[in-house]
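Peer 1: Pasting in a structure now, in structure tokens, and then I'll have a few things to ask.
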Amino acid sequence: MRDFLRRFARNKGALIGAAVLALVVALALLAPFLFPEDPWDIAGPPFRRPGEMGFLLGTDTLGRDVAAGIAHGARVTLLLSLVSTAVALSIGVVLGAIAGYHGGWVDDLVMRFTEFFQTIPNFILLVVLVAIFTPSITSIVVAIGIVSWPPLARIVRGEFLTLRSREFVQAAEVLGQGSARIIFGEILPNALSPVIVSASLMVATAVLLESALSFLGLGDPNLMSWGYMIGASRTVIRQAWWISCFPGIAIALTVLALNLVGEGLSDALNPRLARKRGA
Amino acid sequence: MSEAPLLAIENLAIALPQGAERPLAVDNISLTLARNEILCIVGESGSGKSMTAHAVMGLLPQPHVRATAGRILYQGEDLLAARPDRLRALRGHKLGMIFQEPMTALHPIMRVEAQITEVIQQHAPLGSTALRDRVTELLLAVGLPDPDRLRRAWPHRLSGGQRQRVMIAMALALGPDILIADEPTTALDVTTQAQILALIRRIQAERQMGVMLITHDFGVVAEVADRVAVMQHGRIVEAGPVAQILRSPQHPYTQSLIAAVPRLLAAPKPPPADAPVVLQAEQVRKTFRQRSWIPGRGTEVAAVRDVSLALRRGETVGIVGESGSGKSTFARCVVRLLAPDSGAIRLHGTDIVPLGRAALRPHRRRIQMVFQDPYASLNPRRRVGDIIAAGPIAHGTPRAEAERRAHELLALVGLDAAAATRYPHEFSGGQRQRIGLARALAMEPDILVADEPVSALDVSVQAQVLALLAEVRARLNLSMLFITHDLRVAAQVCDRVAVMYRGEIVELRPTAELFARPEHPYVRELLAAVPGQGWLPAIQG
Amino acid sequence: MGGRLGFIAQRLVKAVFVILGIIVLNFLLIRLAPGDPALVLAGEAGAADPKFLDDLRREFGLDQPVWRQLLIYMQGILSFDLGFSYRQKQPILDLILARLPQTILLTGTALAFAIVAGVSLGAMAARHVGTWWDSAITTLALLVYAMPQFWLGLMLVLLFSVQLGWLPTFGSNTINSGFTGLDHALDVGRHLILPSLTLGLFFMAVYARLTRASMLEVADLDFVRTGRAKGLAEGRIQRSYILRNALLPVVTYAGLQAGYLVGGSILIETVFAWPGIGRLAFEAVLVRDYNLLLGIFIIASVLVIAFNLLTDLIYTIVDPRIELGA
């Protein structure tokens with residue numbers, strides 16, 4: 001563990017990412033204290049430029065505080081992304097583990113199913129799902145989970161498949177250990193690092209998917225989110241660039257931070273690979 | 001050696017990156033290679049023998065590893081001081097090299113012909129007809145029949161031996177002065193190894209080349225070398241003519257290495273004919289099917305065909321074969337890692353083939369396995385003590401009892417009790433094999449199935465592990481199925497030997513008898529292919 | 001050779017199954033949607049008219065057992081009838097086919113740009129790994145990779161159209177310009193630059209990262225060392241040994257990414273008012289025309305599957321090992 005932290009800390013990008021991520025999380029946690037008012041409330045006159053009348057990032061077309069929207073949006077975006085990643089993780093890990101451990105026709109079946117989900121255009125499926133089941137926190141989270149699990153299932157399946165034929169797993173088999181013990185005691189701990197890495201990268205993708213949905217007007221109508229702010233102000237971009245510019249920067253920074261942390265984790269968990277990559 | 005040597009290495013030092021086991025991979029070595037001789041550099045893994053070969057070619061993995069001192073003189077020209085493009089012009093033209101892994105050394109998506117012609121076109125371009133003739137001539141020279149079919153072939157269609165021949169053809173394309181061969185036969189089966197060694201020797205003599213051959217195997221040395229240099233920890237400990245080194249080695253390290261080479265000498269140990277049969281395999285058959293959901297496109301490989309065999313208490317039966325012979329598949333059927341398609345495997349009279357997972361469990365205790373790869377056979381995330389105790393605990397032994405027993409077993413296999421709290425990566429390959437043995441013994445089995453337990457180890461370590469296996473087997477009166485590709489190892493440890501070929505046992509007889517008077521032509525071929533027989537003491541029988 | 005044909009045949013069979021699966025999925029979505037399936041099909045167009053809904057129920061056999069409904073639905077789609085958009089008062093297939101060429105133009109241009117730029121940048125970074133070039137390219141790729149495409153599009157509009165006035169903001173051509181022939185093509189080209197750039201940049205980043213990683217991996221393989229031992233020129237080793245083998249996973253990935261490309265066109269076409277099926281999908285979402293949305297989903301899937309088959313075909317040409325089975 002200490003080795004792992006040392007390797008992670010040696011990666012400058014990962015440290016910057018972790019710092020930015022900590023800031024975003026802090027912003028999300030402190031939003032109710034920094035901006036106690038409802039972000040939907042009109043706080044002042046519309047179209048104030050950044051800095052005018054004490055609005056750090058200006059006001060939007062209706063006079064809502066852009067800064068307040070970003071702070072509260074951080075909560076929504078982070079929460080939705082984390083939960084939807086958890087959904088995708090549970091589908092992907094379970095299916096991947098079953099396919100990889102059993103092999104044979106079970107593997108065939110599960111992998112055909114996975115390929116099917118990987119072939120269909122996932123963003124369109126996401127839009128269809130959320131549109132048909134009407135936008136709400138639940139439908140958004142579940143839908144993002146449904147379109148994001150296939151790559152993870154493939155990774156987990158690949159790991160299980162190789163570890164299954166690894167000699168230490170065969171040794172456990174010969175010793176007469178039970179299936180559950182072999183899966184959870186022998187295989188899973190050794191398959192964990194790629195899962196952790198892809199989970200962190202999946203959160204980043206989920207942030208992008210969630211904001212794209214809200215941008216199209218398919219966000220939960222009760223939640224202020226970054227994508228919604230951009231979508232609602234895109235028609236007035238000539239008059240008021242700041243309303244759409246700042247939320248976008250927030251998204252990009254968050255995604256960048258998550259990707260950097262993910263790569264840092266990957267390098268720290270696979271030191272051999274990292275050296276190969278020349279990182 | 002009146003003329004100046006073709007190649008002279010003078011006081012060469014090669015530095016390893018910081019944090020490596022030692023600062024220098026190669027430490028102040030000097031060597032010469034004359035025209036028309038084969039120089040073998042022998043050593044165990046990590047001795048720096050391969051680094052030396054790569055340094056001559058200018059192929060060290062720079063910038064991490066580089067030569068820091070000395071000179072490498074090719075006909076008087078210092079290669080270490082040569083500019084990169086000069087070195088590049090020599091490589092492939094005057095200096096040829098072949099590698100250990102023929103399966104990965106060829107460009108995977110380039111046809112054989114193109115791989116050969118590109119060397120020629122790089123250094124001394126020819127017109128298309130001349131080029132074509134040259135390729136034909138080269139393919140024939142390395143013993144590849146039907147050059148017209150072969151030149152169009154993709155590498156993945158060729159066998160390991162064929163690929164190594166293509167590599168040699170490439171290296172010979174422009175008639176180099178020096179051929180460097182880095183463990184050229186280590187990845188090959190013994191019969192193929194014999195052919196490739198003969199080919200190298202023949203071509204060397206025909207073309208009067210200087211060959212520098214890197215190997216870990218004294219059998220190979222005895223087979224081809226004119227002169228030998230023995231390396232240990234980056235230094236040359238002894239060098240000289242092959243007869244002198246093999247017959248009367250001076251340096252203690254050379255002596256210990258040669259002593260550790262398993263003799264093709266059957267241990268005269270009559271098996272107890274009246275001892276009870278503990279394991280009986282009858283007509284065991286296993287076929288692998290590659291299914292496809294387009295009908296008729298599936299493929300079948302019969303890996304094990306109706307193999308029968310009996311193992312008595314206290315007896316060691318060897319199963320010898322080349323890769324693809326089905327020996328490992330058979331071993332995995334015996335311990336029921338694989339389910340045979342048909343046949344019976346009787347453990348103390350009970351057929352375990354039809355048993356399901358749960359019914360099998362009580363029988364698991366009696367038959368345990370030792371695996372080949374010391375790096376893959378221990379779970380990297382568990383402590384050694386837990387690894388050894390896990391089996392008995394799964395079968396209901398109280399944890400404290402199992403852990404106490406684990407300590408005893410560590411002592412039995414020659415490890416410190418403190419090893420129990422450490423992780424596998426803190427141990428060497430030989431130590432890991434000991435841990436793997438302790439894990440198997442913890443179940444107090446009657447039968448041990450050892451699948452190539454020493455083939456991943458250096459010879460000196462190999463000898464230690466074999467000795468340990470023999471001792472444990474005798475002390476606990478175990479029966480053992482010993483799977484190996486190495487006839488010399490089999491000769492040393494087995495009472496009886498079964499030779500497998502294409503899924504079948506072609507000959508099964510007491511070791512001494514089989515080695516002295518092989519009956520099946522394949523067994524004869526196999527025995528003839530063992531390198532260094534002229535040197536190794538003859539078998540008794 | 002038979003191996004290759006078999007491979008293609010296998011992929012074709014697979015594609016047919018995927019299309020059938022998508023039809024079933026669509027059917028399930030209509031059934032599982034909250035509320036009356038007839039309402040979903042009507043897309044709120046005739047919600048107030050009970051007779052209209054009854055007609056729909058009869059047409060789709062909604063009063064019959066589920067498996068019959070599925071059969072009726074499949075029959076319809078397999079005879080190229082995607083139904084009727086009651087909002088737009090037109091057959092769905094006609095609506096989509098009218099818009100499809102625009103989407104293919106946009107995504108095709110974006111993909112071509114992404115592959116050419118991405119592979120070049122990735123190869124450059126790998127060749128000069130650890131240098132300033134490498135850091136610059138890697139950082140650029142990371143940044144582009146993190147930006148939401150729709151936002152990047154808006155920012156490019158802000159820069160190139162609003163601030164600099166170089167390029168048009170929206171649409172696929174200048175309305176009422178009366179351009180013909182070459183002028184028309186140039187006009188479309190000018191309109192195409194920003195949207196295809198926006199869509200392509202993200203995938204450029206993907207391919208650049210992938211090419212770099214793949215080349216570094218291949219560079220460590222044994223056969224590259226063989227190439228060096230043969231004394232080949234460094235340029236030849238980079239191109240014919242490293243890049244050529246490193247591109248194989250890139251081809252595979254390009255196939256897998258096709259779906260994302262078509263998905264991304266919803267956002268880009270919305271931002272730039274590009275009259276393709278993505279924009280049509282957005283309009284369908286706005287007015288809850290689910291039948292149209294599902295039709296777009298099917299056609300987009302078919303498009304992606306066709307593209308996947310194309311990459312498979314390319315793969316069989318560039319990699320002889322394919323006959324060993326996939």
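Naming works like this for the structure tokens: A, B, ... for the chains as they're shown, residue 1 at the start of each chain, ligands 1 onward in shown order.
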Within 6 Å of stretch 292-303 of chain C, counting only C-alpha atoms, which residues show up once you throw out same-chain ones fewer than 4 positions away? Write them as a ChimeraX atom specification, please.
Peer 2: /A:120 /C:82,85,92,281,284
Peer 1: Write down as a PyMOL selection string the residues of stretch 240-486 of chain B whose backbone DSSP state falls under helix (DSSP H, G or I).
Peer 2: chain B and resi 242-247+252-260+327-334+357-364+384-394+399-412+417-421+424-426+429-441+459-476
Peer 1: Dump C-alpha atoms for the selected residues as a tab-separated table (two decimals), in the first residue's frame?
Peer 2:
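The new file result.tsv reads:
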```tsv
chain	number	residue	atom	x	y	z
B	242	VAL	CA	35.86	-27.47	-25.04
B	243	ALA	CA	37.60	-30.73	-24.19
B	244	GLN	CA	39.57	-29.14	-21.42
B	245	ILE	CA	36.58	-27.36	-19.81
B	246	LEU	CA	34.31	-30.38	-19.97
B	247	ARG	CA	36.87	-32.98	-18.85
B	252	PRO	CA	34.74	-24.43	-8.62
B	253	TYR	CA	31.73	-22.78	-10.26
B	254	THR	CA	32.32	-24.61	-13.52
B	255	GLN	CA	32.79	-27.82	-11.59
B	256	SER	CA	29.51	-27.35	-9.71
B	257	LEU	CA	27.65	-26.49	-12.93
B	258	ILE	CA	28.91	-29.58	-14.67
B	259	ALA	CA	28.19	-31.74	-11.66
B	260	ALA	CA	24.62	-30.45	-11.64
B	327	LYS	CA	1.59	-35.29	-21.33
B	328	SER	CA	0.38	-32.20	-19.47
B	329	THR	CA	-3.21	-32.78	-20.52
B	330	PHE	CA	-2.98	-36.32	-19.16
B	331	ALA	CA	-1.57	-35.02	-15.86
B	332	ARG	CA	-4.41	-32.54	-15.59
B	333	CYS	CA	-6.93	-35.29	-16.23
B	334	VAL	CA	-5.39	-37.39	-13.46
B	357	ARG	CA	-17.20	-31.45	-7.64
B	358	ALA	CA	-18.53	-32.28	-4.19
B	359	ALA	CA	-18.02	-36.04	-4.42
B	360	LEU	CA	-14.49	-35.45	-5.59
B	361	ARG	CA	-13.46	-33.36	-2.60
B	362	PRO	CA	-12.53	-36.14	-0.17
B	363	HIS	CA	-10.35	-37.75	-2.89
B	364	ARG	CA	-8.51	-34.49	-3.53
B	384	VAL	CA	3.34	-18.12	2.11
B	385	GLY	CA	2.00	-19.49	5.41
B	386	ASP	CA	-1.59	-18.96	4.25
B	387	ILE	CA	-0.85	-20.55	0.91
B	388	ILE	CA	0.40	-23.72	2.56
B	389	ALA	CA	-2.31	-23.86	5.22
B	390	ALA	CA	-5.21	-23.08	2.86
B	391	GLY	CA	-5.70	-26.67	1.69
B	392	PRO	CA	-5.95	-28.37	5.08
B	393	ILE	CA	-8.19	-25.55	6.35
B	394	ALA	CA	-10.53	-26.07	3.41
B	399	ARG	CA	-6.42	-23.02	11.57
B	400	ALA	CA	-3.85	-23.13	14.39
B	401	GLU	CA	-3.08	-26.76	13.66
B	402	ALA	CA	-2.73	-26.08	9.92
B	403	GLU	CA	-0.39	-23.16	10.56
B	404	ARG	CA	1.80	-25.16	12.92
B	405	ARG	CA	2.00	-27.85	10.28
B	406	ALA	CA	2.89	-25.22	7.63
B	407	HIS	CA	5.97	-24.31	9.68
B	408	GLU	CA	7.04	-27.95	9.87
B	409	LEU	CA	6.62	-28.31	6.13
B	410	LEU	CA	8.68	-25.21	5.43
B	411	ALA	CA	11.46	-26.82	7.45
B	412	LEU	CA	10.96	-30.08	5.55
B	417	ALA	CA	9.94	-20.78	9.36
B	418	ALA	CA	10.03	-16.98	8.99
B	419	ALA	CA	9.12	-17.50	5.34
B	420	ALA	CA	5.52	-18.08	6.40
B	421	THR	CA	4.84	-14.39	6.93
B	424	PRO	CA	5.88	-15.08	-2.82
B	425	HIS	CA	7.62	-12.27	-4.73
B	426	GLU	CA	10.29	-12.15	-2.00
B	429	GLY	CA	12.35	-19.44	-8.42
B	430	GLY	CA	13.84	-22.46	-6.64
B	431	GLN	CA	12.47	-21.34	-3.28
B	432	ARG	CA	9.04	-20.90	-4.80
B	433	GLN	CA	9.10	-24.44	-6.12
B	434	ARG	CA	9.86	-25.55	-2.55
B	435	ILE	CA	6.84	-23.58	-1.32
B	436	GLY	CA	4.71	-25.21	-4.02
B	437	LEU	CA	5.90	-28.61	-2.86
B	438	ALA	CA	5.10	-27.74	0.76
B	439	ARG	CA	1.59	-26.70	-0.29
B	440	ALA	CA	1.07	-30.09	-1.94
B	441	LEU	CA	2.55	-32.01	1.01
B	459	VAL	CA	20.63	-26.32	-13.62
B	460	SER	CA	22.19	-25.83	-10.20
B	461	VAL	CA	18.79	-25.02	-8.67
B	462	GLN	CA	17.25	-27.81	-10.70
B	463	ALA	CA	19.60	-30.32	-9.10
B	464	GLN	CA	18.68	-29.11	-5.59
B	465	VAL	CA	14.94	-29.32	-6.23
B	466	LEU	CA	15.27	-32.79	-7.77
B	467	ALA	CA	17.24	-33.96	-4.77
B	468	LEU	CA	14.59	-32.57	-2.44
B	469	LEU	CA	11.83	-34.30	-4.40
B	470	ALA	CA	13.69	-37.62	-4.19
B	471	GLU	CA	14.27	-37.22	-0.46
B	472	VAL	CA	10.68	-36.29	0.34
B	473	ARG	CA	9.36	-39.08	-1.81
B	474	ALA	CA	11.49	-41.67	-0.08
B	475	ARG	CA	10.78	-40.36	3.41
B	476	LEU	CA	7.00	-40.21	2.95
```
Peer 1: Could you pull the residues within 8 Å of stretch 204-208 of chain C, counting only C-alpha atoms, minus those fewer than 3 positions along the same chain, as a tab-separated table (two decimals) with N, CA, C and O atoms, in the first residue's frame?
Peer 2:
```tsv
chain	number	residue	atom	x	y	z
C	113	PHE	N	-10.77	12.77	-40.75
C	113	PHE	CA	-9.88	13.72	-40.07
C	113	PHE	C	-9.29	13.09	-38.81
C	113	PHE	O	-8.08	13.16	-38.55
C	114	ALA	N	-10.17	12.45	-38.02
C	114	ALA	CA	-9.72	11.89	-36.74
C	114	ALA	C	-8.64	10.84	-36.95
C	114	ALA	O	-7.63	10.81	-36.24
C	115	ILE	N	-8.84	9.96	-37.95
C	115	ILE	CA	-7.86	8.90	-38.16
C	115	ILE	C	-6.53	9.46	-38.65
C	115	ILE	O	-5.47	9.17	-38.09
C	117	ALA	N	-5.30	12.60	-38.54
C	117	ALA	CA	-4.62	13.45	-37.55
C	117	ALA	C	-4.22	12.64	-36.32
C	117	ALA	O	-3.11	12.78	-35.81
C	118	GLY	N	-5.12	11.79	-35.85
C	118	GLY	CA	-4.85	11.04	-34.63
C	118	GLY	C	-3.68	10.09	-34.79
C	118	GLY	O	-2.76	10.07	-33.96
C	119	VAL	N	-3.68	9.33	-35.88
C	119	VAL	CA	-2.59	8.37	-36.08
C	119	VAL	C	-1.26	9.11	-36.28
C	119	VAL	O	-0.24	8.73	-35.71
C	120	SER	N	-1.29	10.22	-37.04
C	120	SER	CA	-0.03	10.96	-37.24
C	120	SER	C	0.50	11.48	-35.91
C	120	SER	O	1.68	11.34	-35.60
C	121	LEU	N	-0.38	12.10	-35.12
C	121	LEU	CA	0.07	12.65	-33.85
C	121	LEU	C	0.57	11.53	-32.93
C	121	LEU	O	1.62	11.66	-32.29
C	122	GLY	N	-0.19	10.44	-32.86
C	122	GLY	CA	0.20	9.34	-31.99
C	122	GLY	C	1.55	8.76	-32.40
C	122	GLY	O	2.42	8.48	-31.56
C	123	ALA	N	1.75	8.60	-33.72
C	123	ALA	CA	3.00	8.04	-34.21
C	123	ALA	C	4.16	8.98	-33.88
C	123	ALA	O	5.24	8.55	-33.47
C	140	LEU	N	-2.27	17.67	-25.27
C	140	LEU	CA	-3.36	18.09	-26.17
C	140	LEU	C	-4.45	17.03	-26.21
C	140	LEU	O	-5.64	17.33	-26.06
C	141	ALA	N	-4.02	15.77	-26.37
C	141	ALA	CA	-5.00	14.68	-26.45
C	141	ALA	C	-5.81	14.59	-25.16
C	141	ALA	O	-7.03	14.44	-25.19
C	142	LEU	N	-5.13	14.72	-24.03
C	142	LEU	CA	-5.83	14.65	-22.74
C	142	LEU	C	-6.86	15.76	-22.61
C	142	LEU	O	-7.99	15.53	-22.15
C	144	VAL	N	-8.36	17.58	-25.06
C	144	VAL	CA	-9.48	17.41	-25.99
C	144	VAL	C	-10.39	16.29	-25.51
C	144	VAL	O	-11.61	16.37	-25.59
C	145	TYR	N	-9.76	15.24	-24.97
C	145	TYR	CA	-10.49	14.07	-24.51
C	145	TYR	C	-11.42	14.43	-23.37
C	145	TYR	O	-12.45	13.79	-23.16
C	200	GLY	N	-14.65	15.47	-34.88
C	200	GLY	CA	-13.44	14.70	-35.13
C	200	GLY	C	-12.38	14.88	-34.07
C	200	GLY	O	-11.62	13.94	-33.79
C	201	LEU	N	-12.31	16.04	-33.45
C	201	LEU	CA	-11.23	16.30	-32.49
C	201	LEU	C	-11.22	15.28	-31.36
C	201	LEU	O	-10.17	14.78	-30.97
C	211	THR	N	-2.80	5.04	-30.69
C	211	THR	CA	-1.66	4.76	-31.57
C	211	THR	C	-0.36	4.83	-30.79
C	211	THR	O	0.51	3.99	-30.93
C	212	ARG	N	-0.25	5.85	-29.95
C	212	ARG	CA	0.97	6.00	-29.16
C	212	ARG	C	1.19	4.78	-28.27
C	212	ARG	O	2.26	4.16	-28.29
C	250	VAL	N	-5.80	-0.33	-33.67
C	250	VAL	CA	-6.48	0.92	-33.98
C	250	VAL	C	-7.66	0.66	-34.93
C	250	VAL	O	-8.73	1.24	-34.76
```
Peer 1: Quote the spacing between atom CA of B:Gly127 and atom CA of B:Leu106 in Å to one decimal place.
Peer 2: 24.3 Å
Peer 1: With the cut-off set at 8 Å and counting only C-alpha atoms, tabulate each residue of chain C with an atom at most that distance from an atom of chain A, showing the nearest atom pair and its distance in Å to one decimal, ordered by chain and increasing number, as CSV.
Peer 2:
```
residue,atom,partner,partner_atom,distance
C:Val18,CA,A:Phe116,CA,6.0
C:Gly21,CA,A:Phe116,CA,7.8
C:Ile22,CA,A:Ile120,CA,7.8
C:Leu29,CA,A:Ile132,CA,7.7
C:Ala33,CA,A:Phe133,CA,5.8
C:Pro34,CA,A:Phe133,CA,6.5
C:Val40,CA,A:Ile132,CA,8.0
C:Val129,CA,A:Gly278,CA,7.2
C:Gly130,CA,A:Gly278,CA,6.8
C:Leu142,CA,A:Leu256,CA,6.9
C:Leu143,CA,A:Leu256,CA,6.7
C:Tyr145,CA,A:Leu256,CA,7.8
C:Ala146,CA,A:Ala252,CA,5.0
C:Met147,CA,A:Ala252,CA,4.6
C:Pro148,CA,A:Leu208,CA,6.1
C:Phe150,CA,A:Ala212,CA,7.5
C:Trp151,CA,A:Gly248,CA,5.9
C:Leu154,CA,A:Arg234,CA,7.3
C:Met155,CA,A:Cys245,CA,7.4
C:Leu158,CA,A:Arg238,CA,7.2
C:Val162,CA,A:Arg238,CA,6.7
C:Ala213,CA,A:Arg277,CA,6.9
C:Leu216,CA,A:Arg277,CA,6.4
C:Glu217,CA,A:Lys276,CA,7.3
C:Leu256,CA,A:Thr119,CA,6.8
C:Ala258,CA,A:Pro121,CA,7.6
C:Gly259,CA,A:Pro121,CA,3.9
C:Tyr260,CA,A:Pro121,CA,6.0
C:Val262,CA,A:Pro121,CA,6.8
C:Gly263,CA,A:Phe123,CA,4.8
C:Gly264,CA,A:Phe123,CA,7.2
C:Ile266,CA,A:Ile124,CA,7.9
C:Leu267,CA,A:Ala212,CA,7.4
C:Val271,CA,A:Arg234,CA,8.0
C:Phe282,CA,A:Leu216,CA,7.2
C:Val285,CA,A:Ala131,CA,6.6
C:Arg288,CA,A:Ala131,CA,7.5
C:Tyr290,CA,A:Ile132,CA,6.9
C:Leu293,CA,A:Val128,CA,6.7
C:Leu294,CA,A:Val128,CA,7.0
C:Phe297,CA,A:Ile124,CA,6.3
C:Ala300,CA,A:Pro121,CA,7.1
C:Ser301,CA,A:Ile120,CA,5.3
C:Val304,CA,A:Pro121,CA,7.1
C:Ile305,CA,A:Thr119,CA,6.9
```
Peer 1: List every residue of chain B that has an atom at most 8 Å from any atom of chain A, giving for each one its closest atom pair and the distance in Å to one decimal, counting only C-alpha atoms, sorted by chain and then by ascending residue number, as a tab-separated table.
Peer 2:
```
residue	atom	partner	partner_atom	distance
B:Val335	CA	A:Val174	CA	6.7
B:Arg336	CA	A:Val174	CA	7.7
B:Leu337	CA	A:Val174	CA	7.0
B:Arg361	CA	A:Gly176	CA	5.5
B:Arg364	CA	A:Gly176	CA	5.9
B:Arg365	CA	A:Leu175	CA	6.9
B:Gln368	CA	A:Val174	CA	6.5
B:Met369	CA	A:Val174	CA	7.1
B:Phe371	CA	A:Glu167	CA	6.7
B:Asp373	CA	A:Glu167	CA	7.5
B:Ala376	CA	A:Glu167	CA	5.6
B:Ser377	CA	A:Phe168	CA	4.1
B:Leu378	CA	A:Phe168	CA	4.9
B:Asn379	CA	A:Phe168	CA	5.5
B:Pro380	CA	A:Asn190	CA	8.0
B:Arg381	CA	A:Asn190	CA	7.2
B:Gly391	CA	A:Leu175	CA	5.2
B:Ala394	CA	A:Gln177	CA	5.8
B:His395	CA	A:Gly176	CA	7.7
B:Ala440	CA	A:Leu175	CA	7.9
B:Met443	CA	A:Leu175	CA	7.6
```
Peer 1: Save out the residues we just selected, N, CA, C and O atoms, as a tab-separated table (two decimals), in the first residue's frame.
Peer 2:
```
chain	number	residue	atom	x	y	z
B	335	VAL	N	-5.44	-35.37	-12.09
B	335	VAL	CA	-5.83	-34.63	-10.88
B	335	VAL	C	-7.20	-33.99	-11.05
B	335	VAL	O	-7.63	-33.21	-10.20
B	336	ARG	N	-7.86	-34.31	-12.14
B	336	ARG	CA	-9.20	-33.84	-12.42
B	336	ARG	C	-9.30	-32.32	-12.48
B	336	ARG	O	-10.28	-31.70	-12.05
B	337	LEU	N	-8.25	-31.67	-13.03
B	337	LEU	CA	-8.39	-30.28	-13.41
B	337	LEU	C	-9.13	-30.23	-14.73
B	337	LEU	O	-9.76	-29.25	-15.09
B	361	ARG	N	-14.24	-34.05	-3.64
B	361	ARG	CA	-13.46	-33.36	-2.60
B	361	ARG	C	-12.69	-34.27	-1.66
B	361	ARG	O	-11.50	-34.06	-1.46
B	364	ARG	N	-9.52	-35.49	-3.19
B	364	ARG	CA	-8.51	-34.49	-3.53
B	364	ARG	C	-7.27	-34.59	-2.64
B	364	ARG	O	-6.16	-34.37	-3.08
B	365	ARG	N	-7.50	-34.91	-1.35
B	365	ARG	CA	-6.40	-34.98	-0.41
B	365	ARG	C	-5.30	-35.91	-0.88
B	365	ARG	O	-4.12	-35.69	-0.65
B	368	GLN	N	-2.02	-34.80	-5.13
B	368	GLN	CA	-1.69	-33.38	-5.20
B	368	GLN	C	-0.73	-33.11	-6.33
B	368	GLN	O	-0.13	-34.03	-6.89
B	369	MET	N	-0.59	-31.81	-6.65
B	369	MET	CA	0.17	-31.48	-7.85
B	369	MET	C	1.23	-30.43	-7.55
B	369	MET	O	1.01	-29.51	-6.76
B	371	PHE	N	3.46	-27.61	-9.69
B	371	PHE	CA	3.33	-27.00	-11.01
B	371	PHE	C	4.67	-26.57	-11.59
B	371	PHE	O	5.70	-26.52	-10.90
B	373	ASP	N	5.51	-23.46	-13.35
B	373	ASP	CA	5.99	-22.09	-13.36
B	373	ASP	C	6.06	-21.54	-11.94
B	373	ASP	O	5.04	-21.28	-11.32
B	376	ALA	N	3.98	-18.31	-11.50
B	376	ALA	CA	2.53	-18.28	-11.68
B	376	ALA	C	1.82	-19.21	-10.72
B	376	ALA	O	0.61	-19.18	-10.59
B	377	SER	N	2.55	-20.06	-9.99
B	377	SER	CA	1.86	-21.08	-9.24
B	377	SER	C	1.56	-20.68	-7.79
B	377	SER	O	0.96	-21.44	-7.06
B	378	LEU	N	2.00	-19.48	-7.40
B	378	LEU	CA	1.67	-19.01	-6.05
B	378	LEU	C	0.89	-17.70	-6.16
B	378	LEU	O	1.29	-16.80	-6.92
B	379	ASN	N	-0.20	-17.60	-5.43
B	379	ASN	CA	-1.00	-16.38	-5.45
B	379	ASN	C	-0.19	-15.21	-4.89
B	379	ASN	O	0.18	-15.22	-3.72
B	380	PRO	N	0.09	-14.19	-5.75
B	380	PRO	CA	0.99	-13.12	-5.31
B	380	PRO	C	0.44	-12.32	-4.14
B	380	PRO	O	1.18	-11.59	-3.49
B	381	ARG	N	-0.86	-12.42	-3.87
B	381	ARG	CA	-1.44	-11.57	-2.83
B	381	ARG	C	-1.64	-12.28	-1.50
B	381	ARG	O	-2.29	-11.77	-0.61
B	391	GLY	N	-5.12	-25.38	2.05
B	391	GLY	CA	-5.70	-26.67	1.69
B	391	GLY	C	-6.27	-27.41	2.88
B	391	GLY	O	-7.46	-27.74	2.91
B	394	ALA	N	-9.35	-25.81	4.23
B	394	ALA	CA	-10.53	-26.07	3.41
B	394	ALA	C	-11.10	-27.45	3.67
B	394	ALA	O	-12.28	-27.71	3.46
B	395	HIS	N	-10.26	-28.37	4.16
B	395	HIS	CA	-10.73	-29.72	4.45
B	395	HIS	C	-11.02	-29.92	5.93
B	395	HIS	O	-11.09	-31.04	6.40
B	440	ALA	N	1.61	-28.78	-1.56
B	440	ALA	CA	1.07	-30.09	-1.94
B	440	ALA	C	1.18	-31.07	-0.78
B	440	ALA	O	0.25	-31.82	-0.49
B	443	MET	N	-1.33	-31.51	2.34
B	443	MET	CA	-2.55	-32.32	2.27
B	443	MET	C	-2.27	-33.77	2.64
B	443	MET	O	-3.18	-34.60	2.64
```
